[in-house]
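Below is one structure, written out as structure tokens; comments come after it.
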Amino acid sequence: MFYKTKHALDRLVQNGSTPGISYQIKTKDTEENNIMGLKSVFPEAEILPRSIENIYDIASLTKVIATTTRILQLVEQQQLQLEDPVQSYLSDFRFDDVTILHLLTHSSGLAQNIPNFLMETKEDVKRYVYATPQINPSGTNVTYADANFLLLGYLINQLDGNYEQSIQKNILEPLQMTHSSFHPTNKNQVIPTELDQKRGLIQGEVHDFKAWIAKSNTGHAGLFSTLADLSKFRDALILQSGFPILSEKTVQLMQTNHTPGLNRTRGLGWDLHGDSVLYHTGFTGTFMVLDLKHQASLIVLSNRVHPSRANPNFVLKRESIVDVFLEEVTAKKQV
């Protein structure tokens, strides 16, 4: 089953697109976990442990596993509404036409980045977020920007007191995602990412620059997790209609197109990749596909930025792998 998908994923290791890879394909009837390749190539080659408990920096999957989920919980608890202006909660935010929904769907109009913005302290990161210009009117264009989810992280911080503690209490603990955290205690167990000119080999610390400078409480990146833990999140959405973290109604709302007529199709937090298919990626070499309709999923964890991010092949192949997987899900006869 899923021969083409597995072949394409295995090829990522074989052709050097990533040192190693851990992936899970799960359907109503089957679960297959494959781990192959190397944990690291620097300072020396080390085999990737054949375990679904390998801890990865999941990068922007933080946006959907943590931040989006908590925002939607706050909506369910009537502490906020999707149509609320961001300014109602964050008075330093300059654009009064931007709502929480705009941030969740990356349709706020905020720029993708500010070139050459100096960031040396956590205060600089916050200055960066609030200095990010609006390049399009809200609701007119989808432009993926970290600032959207940094703002959502600040909002959670404001309502809950501490972003990371809130994610731990309201998502990780209810799902018993016991190997997931923002600050792994045993860094040697974590799959290393980039060999950075200034930071050296990054292992057990967040790879994302803004999250690293801020040190904590960033809604766009920072979570570390495992195949086993992400599978628990997957089961909550696919098998349990959101329980114990979200209601069935909210899960339905997540897979609704909230950017009709725009340049990209976005659900709440997630990209939509067809009917009832939630999709998201992470810069370090991670991505998740959740086909809610067919109760099938693909979770991929890798360190494709190790030892260098100058490695575009993984990203170039990623979309075609997702397409092949979804084709095999819907095929009447899976090979």
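By convention in this document, the chains of the structure tokens carry letters A, B, ... by their order, each chain's residues are numbered from 1, and ligands are numbered from 1 in the order they are shown.
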
Practice problem: Can you list, as a ChimeraX atom specification, all residues belonging to region 49-257 of chain A that DSSP tags as alpha helix (DSSP H)? | Solution: /A:61-62,69-76,100-104,122-131,146-160,163-167,209-214,227-238,248-254

Output for the residues just chosen: C-alpha atoms as a compact mmCIF listing (two decimals), in the first residue's frame:
```
# COMPACT_ATOMS: atom_id res chain seq x y z
CA LEU A 61 3.97 23.03 12.35
CA THR A 62 3.91 24.95 15.65
CA THR A 69 -5.55 24.98 18.17
CA ARG A 70 -5.33 27.23 21.23
CA ILE A 71 -6.91 30.20 19.41
CA LEU A 72 -9.83 27.99 18.38
CA GLN A 73 -10.18 26.73 21.95
CA LEU A 74 -10.41 30.37 23.10
CA VAL A 75 -13.13 30.94 20.50
CA GLU A 76 -15.03 27.91 21.84
CA ILE A 100 -8.07 37.36 14.20
CA LEU A 101 -9.46 35.48 11.19
CA HIS A 102 -7.15 37.46 8.89
CA LEU A 103 -4.15 36.41 10.98
CA LEU A 104 -5.21 32.74 11.01
CA LYS A 122 13.37 39.52 22.37
CA GLU A 123 12.28 43.17 22.43
CA ASP A 124 13.65 43.52 18.90
CA VAL A 125 11.46 40.62 17.76
CA LYS A 126 8.40 42.36 19.15
CA ARG A 127 9.46 45.62 17.48
CA TYR A 128 9.81 43.71 14.22
CA VAL A 129 6.29 42.30 14.50
CA TYR A 130 4.68 45.65 15.19
CA ALA A 131 6.80 47.36 12.52
CA ASP A 146 5.38 34.72 10.46
CA ALA A 147 4.18 38.05 11.87
CA ASN A 148 0.58 36.79 11.68
CA PHE A 149 1.31 33.95 14.08
CA LEU A 150 3.69 35.87 16.29
CA LEU A 151 0.73 38.21 16.87
CA LEU A 152 -1.54 35.26 17.65
CA GLY A 153 1.09 34.04 20.11
CA TYR A 154 1.09 37.46 21.80
CA LEU A 155 -2.70 37.29 21.97
CA ILE A 156 -2.60 33.87 23.67
CA ASN A 157 0.06 35.20 26.01
CA GLN A 158 -2.20 38.10 26.94
CA LEU A 159 -5.31 36.00 27.58
CA ASP A 160 -3.66 32.98 29.19
CA TYR A 163 1.90 31.05 25.68
CA GLU A 164 4.08 27.99 26.24
CA GLN A 165 2.44 27.01 29.53
CA SER A 166 -0.96 27.40 27.89
CA ILE A 167 -0.03 25.07 25.01
CA PHE A 209 16.01 32.77 14.04
CA LYS A 210 13.19 34.93 15.44
CA ALA A 211 12.12 32.21 17.87
CA TRP A 212 15.74 31.72 18.97
CA ILE A 213 16.27 35.44 19.57
CA ALA A 214 12.96 35.72 21.47
CA LEU A 227 5.95 10.93 15.15
CA ALA A 228 4.20 9.22 18.05
CA ASP A 229 2.99 12.50 19.57
CA LEU A 230 1.87 14.05 16.28
CA SER A 231 -0.04 10.85 15.59
CA LYS A 232 -2.02 11.50 18.79
CA PHE A 233 -2.92 14.96 17.51
CA ARG A 234 -3.88 13.38 14.18
CA ASP A 235 -6.13 10.84 15.91
CA ALA A 236 -7.93 13.58 17.82
CA LEU A 237 -8.89 15.35 14.60
CA ILE A 238 -9.50 12.34 12.36
CA GLU A 248 -16.62 18.62 16.12
CA LYS A 249 -18.09 21.94 14.96
CA THR A 250 -14.68 23.62 15.17
CA VAL A 251 -13.01 20.79 13.23
CA GLN A 252 -15.59 21.34 10.50
CA LEU A 253 -14.83 25.07 10.54
CA MET A 254 -11.10 24.37 10.23
```

Quiz item: Quick one: residues within 8 Å of Met36 (chain A), only C-alpha atoms counted, chain neighbours fewer than 5 positions away excluded, as a list in words?
Solution: Asp10, Val13, Gly20, Ile21, Ser22, Leu48 and Arg50 of chain A

Quiz item: Skipping near chain neighbours, those fewer than 5 positions away, what residues fall within 12 Å of Arg11 (chain A) using only C-alpha atoms, listed as a PyMOL selection string?
Solution: chain A and resi 4-6+16-21+36-37+313-314+317-318+321

Self-check item: Selection: 9 Å around Glu194 (chain A), only C-alpha atoms, excl. self and same-chain fewer than 6 positions, as a PyMOL selection string
Solution: chain A and resi 200-203+207+284+303-309

Taking the backbone alone, and naming residues the way the document does, which bits of region 57-255 of chain A are strand (DSSP E) by DSSP, as a PDB file with N, CA and C atoms, in the first residue's frame?
```pdb
ATOM      1  N   ASP A  57      12.647  19.307  15.667  1.00  0.00           N
ATOM      2  CA  ASP A  57      12.190  20.689  15.640  1.00  0.00           C
ATOM      3  C   ASP A  57      11.166  20.779  14.513  1.00  0.00           C
ATOM      4  N   LEU A 195      24.085  23.599  10.702  1.00  0.00           N
ATOM      5  CA  LEU A 195      25.401  24.018  11.173  1.00  0.00           C
ATOM      6  C   LEU A 195      25.525  25.494  10.824  1.00  0.00           C
ATOM      7  N   ASP A 196      25.306  26.342  11.830  1.00  0.00           N
ATOM      8  CA  ASP A 196      25.206  27.784  11.616  1.00  0.00           C
ATOM      9  C   ASP A 196      26.561  28.453  11.864  1.00  0.00           C
ATOM     10  N   GLY A 200      26.943  27.603  15.564  1.00  0.00           N
ATOM     11  CA  GLY A 200      27.477  26.255  15.527  1.00  0.00           C
ATOM     12  C   GLY A 200      26.390  25.261  15.149  1.00  0.00           C
ATOM     13  N   LEU A 201      26.542  23.998  15.542  1.00  0.00           N
ATOM     14  CA  LEU A 201      25.534  22.987  15.241  1.00  0.00           C
ATOM     15  C   LEU A 201      24.323  23.209  16.141  1.00  0.00           C
ATOM     16  N   PHE A 224       8.950  21.263  19.633  1.00  0.00           N
ATOM     17  CA  PHE A 224       9.635  20.025  19.268  1.00  0.00           C
ATOM     18  C   PHE A 224       8.655  18.876  19.492  1.00  0.00           C
ATOM     19  N   SER A 225       8.674  17.888  18.588  1.00  0.00           N
ATOM     20  CA  SER A 225       7.724  16.787  18.747  1.00  0.00           C
ATOM     21  C   SER A 225       8.247  15.534  18.054  1.00  0.00           C
TER      22      SER A 225
END
```

Exercise. Find the residues near Val300 (chain A): any atom within 6 Å, counting only C-alpha atoms, skip ones fewer than 4 places away on the same chain, and give them as a PyMOL selection string.
Key: chain A and resi 23+286-287

Quiz prompt | Between CA of Leu316 (chain A) and CA of Ser297 (chain A) - distance in Å to one decimal | solution = 20.6 Å
